[in-house]
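query-v2.tsv follows; it contains TSV, C-alpha atoms.
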```tsv
chain	number	residue	atom	x	y	z
A	1	MET	CA	-51.39	-83.00	-45.69
A	2	ALA	CA	-51.45	-99.20	-43.95
A	3	SER	CA	-52.94	-106.87	-43.97
A	4	SER	CA	-50.95	-109.61	-42.70
A	5	PRO	CA	-50.24	-112.58	-44.90
A	6	ASP	CA	-51.75	-115.89	-44.00
A	7	VAL	CA	-49.53	-117.75	-41.57
A	8	PRO	CA	-48.47	-120.96	-43.33
A	9	SER	CA	-48.32	-124.33	-41.63
A	10	ALA	CA	-44.97	-124.96	-39.97
A	11	GLY	CA	-42.42	-126.36	-42.41
A	12	ASN	CA	-44.80	-126.14	-45.36
A	13	THR	CA	-44.72	-122.78	-47.15
A	14	PRO	CA	-45.18	-121.95	-50.83
A	15	GLU	CA	-41.47	-121.07	-50.93
A	16	ASN	CA	-40.34	-124.25	-49.07
A	17	PRO	CA	-42.85	-127.09	-49.40
A	18	GLY	CA	-42.13	-129.97	-47.08
A	19	SER	CA	-40.09	-129.89	-43.88
A	20	GLY	CA	-36.89	-131.78	-44.71
A	21	SER	CA	-33.96	-131.55	-47.08
A	22	PRO	CA	-34.28	-132.91	-50.62
A	23	SER	CA	-32.77	-136.20	-49.49
A	24	GLU	CA	-35.24	-136.73	-46.64
A	25	ALA	CA	-38.43	-138.72	-47.12
A	26	PRO	CA	-41.63	-136.65	-47.03
A	27	GLN	CA	-43.77	-137.02	-43.90
A	28	ALA	CA	-47.08	-136.94	-45.76
A	29	GLU	CA	-48.52	-138.68	-48.79
A	30	PRO	CA	-47.54	-136.91	-52.08
A	31	SER	CA	-51.17	-135.93	-52.65
A	32	GLU	CA	-51.37	-133.97	-49.38
A	33	ALA	CA	-48.67	-131.35	-50.06
A	34	PRO	CA	-50.33	-129.86	-53.16
A	35	GLN	CA	-53.62	-129.66	-51.22
A	36	ALA	CA	-52.05	-127.58	-48.42
A	37	THR	CA	-50.32	-125.26	-50.87
A	38	THR	CA	-53.48	-124.78	-52.93
A	39	ALA	CA	-55.50	-123.98	-49.82
A	40	GLY	CA	-52.98	-121.30	-48.78
A	41	VAL	CA	-53.05	-119.67	-52.20
A	42	THR	CA	-56.86	-119.76	-52.33
A	43	GLY	CA	-57.13	-118.18	-48.88
A	44	ARG	CA	-54.70	-115.42	-49.78
A	45	ARG	CA	-56.47	-114.66	-53.06
A	46	GLY	CA	-59.85	-114.59	-51.32
A	47	ARG	CA	-58.61	-112.09	-48.75
A	48	VAL	CA	-57.13	-109.79	-51.39
A	49	ARG	CA	-60.29	-109.92	-53.50
A	50	GLY	CA	-62.46	-109.17	-50.47
A	51	ARG	CA	-60.37	-106.14	-49.51
A	52	ARG	CA	-60.41	-104.75	-53.04
A	53	ALA	CA	-64.17	-105.16	-53.18
A	54	ALA	CA	-64.57	-103.24	-49.91
A	55	VAL	CA	-62.46	-100.35	-51.20
A	56	MET	CA	-64.30	-100.13	-54.51
A	57	ALA	CA	-67.65	-100.07	-52.68
A	58	VAL	CA	-66.81	-96.66	-51.19
A	59	PRO	CA	-68.54	-93.90	-53.19
A	60	ALA	CA	-65.80	-91.90	-54.93
A	61	THR	CA	-64.76	-90.40	-58.23
A	62	LEU	CA	-63.07	-92.60	-60.82
A	63	VAL	CA	-59.73	-91.05	-59.90
A	64	ALA	CA	-60.15	-91.89	-56.21
A	65	ALA	CA	-61.33	-95.42	-56.97
A	66	GLY	CA	-58.19	-95.97	-59.03
A	67	LEU	CA	-56.05	-95.45	-55.91
A	68	ALA	CA	-56.72	-98.97	-54.59
A	69	VAL	CA	-53.61	-100.56	-56.14
A	70	LEU	CA	-51.32	-97.68	-55.12
A	71	THR	CA	-52.47	-97.60	-51.53
A	72	ALA	CA	-52.19	-101.38	-51.19
A	73	GLN	CA	-48.45	-100.74	-51.53
A	74	GLY	CA	-48.52	-98.12	-48.76
A	75	ALA	CA	-47.87	-95.25	-51.16
A	76	LEU	CA	-50.53	-92.91	-49.77
A	77	GLY	CA	-51.94	-91.78	-46.47
A	78	VAL	CA	-50.41	-91.77	-43.01
A	79	GLN	CA	-47.63	-94.20	-42.15
A	80	PHE	CA	-49.28	-95.63	-39.02
A	81	ALA	CA	-52.31	-97.83	-38.42
A	82	ILE	CA	-55.33	-95.65	-37.71
A	83	SER	CA	-57.81	-96.52	-34.96
A	84	GLY	CA	-60.74	-96.34	-37.36
A	85	MET	CA	-62.58	-93.90	-35.07
A	86	PRO	CA	-63.32	-90.59	-36.86
A	87	PHE	CA	-62.88	-87.30	-35.02
A	88	THR	CA	-64.20	-83.81	-35.70
A	89	VAL	CA	-61.97	-80.74	-36.07
A	90	THR	CA	-63.28	-77.18	-36.29
A	91	ALA	CA	-61.67	-73.72	-36.39
A	92	THR	CA	-63.11	-70.27	-36.99
A	93	GLU	CA	-60.13	-69.44	-39.22
A	94	LEU	CA	-57.35	-71.41	-40.88
A	95	ASP	CA	-54.53	-69.64	-42.72
A	96	GLY	CA	-51.84	-71.66	-44.43
A	97	THR	CA	-48.74	-71.16	-46.53
A	98	GLY	CA	-47.88	-73.97	-48.94
A	99	PHE	CA	-50.99	-76.07	-49.55
A	100	GLU	CA	-51.34	-79.48	-51.22
A	101	GLN	CA	-54.21	-81.95	-51.54
A	102	PHE	CA	-54.59	-85.45	-52.99
A	103	GLY	CA	-56.48	-88.70	-52.38
A	104	GLY	CA	-55.45	-91.81	-50.52
A	105	LEU	CA	-56.37	-94.72	-48.28
A	106	ASP	CA	-55.67	-95.13	-44.57
A	107	ASN	CA	-55.32	-98.59	-43.03
A	108	MET	CA	-56.44	-99.90	-39.65
A	109	ALA	CA	-54.53	-102.44	-37.59
A	110	ASP	CA	-55.27	-106.04	-38.52
A	111	GLY	CA	-58.31	-107.30	-36.63
A	112	SER	CA	-59.51	-103.82	-35.64
A	113	PRO	CA	-63.05	-103.96	-34.20
A	114	ASN	CA	-63.78	-100.71	-36.08
A	115	ALA	CA	-63.15	-102.23	-39.51
A	116	GLY	CA	-66.74	-103.38	-40.05
A	117	ASP	CA	-67.24	-104.31	-43.71
A	118	SER	CA	-64.62	-101.79	-44.93
A	119	GLY	CA	-61.77	-104.28	-45.07
A	120	GLY	CA	-59.90	-102.07	-42.58
A	121	GLN	CA	-59.39	-99.25	-45.09
A	122	VAL	CA	-60.79	-95.71	-45.29
A	123	LEU	CA	-60.79	-93.58	-48.44
A	124	VAL	CA	-59.50	-90.10	-47.48
A	125	VAL	CA	-58.40	-86.76	-48.86
A	126	THR	CA	-54.94	-85.80	-47.60
A	127	SER	CA	-54.37	-82.07	-47.09
A	128	ALA	CA	-50.84	-80.87	-46.41
A	129	ILE	CA	-49.89	-77.36	-45.24
A	130	LYS	CA	-46.31	-76.25	-44.75
A	131	LYS	CA	-47.19	-73.57	-42.16
A	132	ALA	CA	-50.65	-73.25	-40.64
A	133	THR	CA	-52.34	-70.93	-38.14
A	134	LEU	CA	-55.72	-71.83	-36.62
A	135	THR	CA	-58.08	-69.75	-34.49
A	136	LYS	CA	-60.31	-71.37	-31.85
A	137	LEU	CA	-59.36	-74.94	-32.62
A	138	CYS	CA	-61.72	-77.64	-31.39
A	139	GLN	CA	-61.24	-81.40	-31.68
A	140	SER	CA	-63.64	-84.06	-30.43
A	141	VAL	CA	-64.04	-87.82	-30.69
A	142	ASP	CA	-67.26	-89.66	-29.84
A	143	LEU	CA	-66.48	-92.41	-27.30
A	144	GLY	CA	-70.05	-93.60	-27.05
A	145	GLY	CA	-72.10	-91.71	-24.49
A	146	THR	CA	-69.42	-89.05	-24.00
A	147	ASN	CA	-66.95	-87.04	-26.06
A	148	LEU	CA	-63.25	-86.40	-25.51
A	149	LEU	CA	-62.96	-82.68	-26.22
A	150	ILE	CA	-59.79	-80.64	-26.88
A	151	THR	CA	-59.78	-76.86	-27.39
A	152	ALA	CA	-56.93	-74.39	-27.92
A	153	GLY	CA	-56.15	-71.02	-29.46
A	154	SER	CA	-59.18	-69.23	-28.09
A	155	GLY	CA	-57.18	-66.29	-26.70
A	156	ALA	CA	-54.73	-63.84	-28.23
A	157	ASP	CA	-52.30	-66.61	-29.21
A	158	LYS	CA	-53.36	-68.89	-32.06
A	159	VAL	CA	-52.61	-72.53	-32.73
A	160	LYS	CA	-49.58	-72.95	-35.00
A	161	ALA	CA	-48.36	-76.00	-36.89
A	162	THR	CA	-45.64	-76.86	-39.39
A	163	ASP	CA	-45.79	-79.70	-41.91
A	164	LEU	CA	-49.42	-80.29	-40.97
A	165	THR	CA	-51.32	-83.10	-42.70
A	166	THR	CA	-54.91	-84.20	-42.20
A	167	ASP	CA	-56.61	-87.27	-43.66
A	168	SER	CA	-60.29	-86.38	-44.03
A	169	THR	CA	-63.53	-87.87	-45.31
A	170	LYS	CA	-65.41	-84.55	-45.04
A	171	LEU	CA	-64.22	-80.93	-45.22
A	172	SER	CA	-66.32	-77.77	-45.36
A	173	GLY	CA	-65.86	-74.00	-44.96
A	174	ASN	CA	-65.37	-70.82	-46.93
A	175	ALA	CA	-62.11	-71.24	-48.85
A	176	ALA	CA	-59.83	-68.88	-50.75
A	177	PHE	CA	-56.57	-69.82	-52.51
A	178	ARG	CA	-53.73	-67.84	-54.04
A	179	ASN	CA	-52.00	-69.16	-57.19
A	180	ILE	CA	-53.87	-72.45	-57.15
A	181	GLU	CA	-52.96	-75.26	-59.55
A	182	ILE	CA	-55.60	-77.94	-60.15
A	183	GLY	CA	-54.90	-81.24	-61.88
A	184	ASN	CA	-51.25	-81.69	-60.92
A	185	ASP	CA	-49.63	-85.09	-60.86
A	186	ALA	CA	-49.34	-85.82	-57.12
A	187	SER	CA	-45.71	-86.90	-57.48
A	188	THR	CA	-44.73	-83.39	-58.64
A	189	LEU	CA	-46.19	-81.36	-55.74
A	190	ASN	CA	-43.74	-78.85	-54.27
A	191	LYS	CA	-45.69	-76.39	-52.09
A	192	ALA	CA	-45.52	-78.47	-48.86
A	193	ASN	CA	-43.49	-81.43	-47.64
A	194	ALA	CA	-45.77	-84.14	-49.03
A	195	LYS	CA	-46.06	-86.01	-52.31
A	196	GLY	CA	-48.41	-88.61	-53.70
A	197	PRO	CA	-47.57	-91.36	-56.20
A	198	ILE	CA	-47.17	-90.71	-59.90
A	199	GLY	CA	-50.40	-90.57	-61.91
A	200	VAL	CA	-52.65	-89.43	-59.04
A	201	PHE	CA	-54.80	-86.29	-59.38
A	202	SER	CA	-53.96	-83.45	-56.97
A	203	GLN	CA	-53.96	-79.70	-56.47
A	204	GLN	CA	-51.76	-77.13	-54.71
A	205	ALA	CA	-51.61	-73.40	-53.95
A	206	ASP	CA	-49.24	-70.82	-52.50
A	207	THR	CA	-51.70	-69.96	-49.71
A	208	VAL	CA	-55.05	-71.13	-48.36
A	209	HIS	CA	-57.62	-69.45	-46.14
A	210	ILE	CA	-60.65	-71.31	-44.80
A	211	GLY	CA	-63.27	-69.67	-42.62
A	212	ASN	CA	-65.58	-71.78	-40.44
A	213	LEU	CA	-63.50	-74.90	-41.08
A	214	ARG	CA	-65.09	-78.24	-40.24
A	215	GLN	CA	-63.46	-81.61	-40.91
A	216	THR	CA	-64.14	-85.26	-40.23
A	217	ASN	CA	-60.66	-86.74	-39.87
A	218	TYR	CA	-59.10	-90.14	-39.36
A	219	ALA	CA	-55.52	-88.96	-38.87
A	220	THR	CA	-53.50	-85.81	-38.27
A	221	THR	CA	-49.72	-85.38	-38.23
A	222	ALA	CA	-47.47	-82.34	-37.77
A	223	GLY	CA	-43.78	-81.60	-37.44
A	224	VAL	CA	-44.52	-79.00	-34.75
A	225	PHE	CA	-47.92	-78.38	-33.14
A	226	LYS	CA	-48.25	-75.46	-30.68
A	227	LEU	CA	-51.55	-75.33	-28.76
A	228	PRO	CA	-51.78	-72.26	-26.48
A	229	GLY	CA	-54.54	-72.41	-23.88
A	230	LEU	CA	-54.92	-76.18	-24.32
A	231	LYS	CA	-57.89	-77.73	-22.52
A	232	LEU	CA	-58.75	-81.44	-22.53
A	233	ARG	CA	-61.94	-82.72	-20.96
A	234	PHE	CA	-64.94	-85.00	-21.35
A	235	SER	CA	-68.15	-83.43	-22.61
A	236	SER	CA	-71.69	-84.47	-23.41
A	237	SER	CA	-71.36	-82.72	-26.80
A	238	GLY	CA	-68.62	-82.53	-29.42
A	239	CYS	CA	-67.33	-79.69	-31.58
```

Same coordinates, now as structure tokens:
Amino acid sequence: MASSPDVPSAGNTPENPGSGSPSEAPQAEPSEAPQATTAGVTGRRGRVRGRRAAVMAVPATLVAAGLAVLTAQGALGVQFAISGMPFTVTATELDGTGFEQFGGLDNMADGSPNAGDSGGQVLVVTSAIKKATLTKLCQSVDLGGTNLLITAGSGADKVKATDLTTDSTKLSGNAAFRNIEIGNDASTLNKANAKGPIGVFSQQADTVHIGNLRQTNYATTAGVFKLPGLKLRFSSSGC
């Protein structure tokens, strides 16, 4: 600006096969224990392979595709399980001081009905801004037949945020940067309070201005978020 391991059979885990002490007699035939252990390993490997395949199926650049291993360790993206429901954010103007941007993956809660065939992961671009001001902010999420709509900053006072991060799949607008650096290693970013893992492509700038901002987001976080003139309502249309 996160996959649960298979639950092993009771008393029979890869780390502790069998249920008794070394001196106790096994409760099953010797041939049964290796079968249970092998089945657990096969199931775990199948799940990992399936999740990796889902991530790699997302259209992306080679750099973004290479993030799969890093994000499996929770190195990128937000630190909470996302709902998997995208929401739209618009603003007529965004002005920020201290801008950073790099790629990542967000993770849904295990068993989320929104996972589909994605494996519960969404490839995103994380944008981080140390101090941001937004004019006429609008945020909407499609609930199916209606939209939850939030607006703020339409009057004299603008929306203000510190340590703002957004995880987006789409971003558009008219952008201008001051002292931009493109191609940084994400672990060396120093313009805002966010860093990516070593070896990941990123960019940063002293300032950013975006007119007619429009984003499709899966997560937003902020240290402080001030929303003057806040209005929350249901609407037949979104932002």

As a check of understanding: the span from CA of Asn212 (chain A) to CA of Ser168 (chain A) is 15.9 Å

Exercise: Lys191 (chain A) partners within 7 Å, all atoms listed in the file, chain neighbours under 3 positions left out, as a compact mmCIF listing (two decimals) with C-alpha atoms, in the frame of the given file:
```txt
# COMPACT_ATOMS: atom_id res chain seq x y z
CA GLY A 98 -47.88 -73.97 -48.94
CA PHE A 99 -50.99 -76.07 -49.55
CA GLU A 100 -51.34 -79.48 -51.22
CA GLN A 204 -51.76 -77.13 -54.71
CA ALA A 205 -51.61 -73.40 -53.95
CA ASP A 206 -49.24 -70.82 -52.50
```

Using all atoms listed in the file, the best pick from A:Gly104, A:Gly223, A:Gly144, A:Pro228 as closest to Met85 (chain A) would be A:Gly144

Near Gly183 (chain A), within 8 Å and counting all atoms listed in the file, which residues show up once chain neighbours fewer than 3 positions away are dropped, as a JSON list (two decimals) with C-alpha atoms, in the frame of the given file?
```
[["chain", "number", "residue", "atom", "x", "y", "z"],
["A", 201, "PHE", "CA", -54.80, -86.29, -59.38],
["A", 202, "SER", "CA", -53.96, -83.45, -56.97],
["A", 203, "GLN", "CA", -53.96, -79.70, -56.47]]
```

Next on the checklist: Need to verify the contact set: Thr162 (chain A), 9 Å, only C-alpha atoms, exclusion of same-chain residues closer than 5 positions in sequence. Can you return it as number ranges by chain?
Outcome noted: A: 129-132, 222-225

Residues near Ser172 (chain A), anyone? I mean within 7 Å using only C-alpha atoms, not counting same-chain ones fewer than 6 positions away, as a list in words.
Leu213, Arg214 and Gln215 of chain A

One residue among A:Leu148, A:Leu105, A:Leu143, A:Val89 is nearest to Lys231 (chain A) when using only C-alpha atoms, and that residue is A:Leu148

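Taking CA of Leu171 (chain A) and CA of Thr90 (chain A) as endpoints, the distance between them is 9.7 Å.
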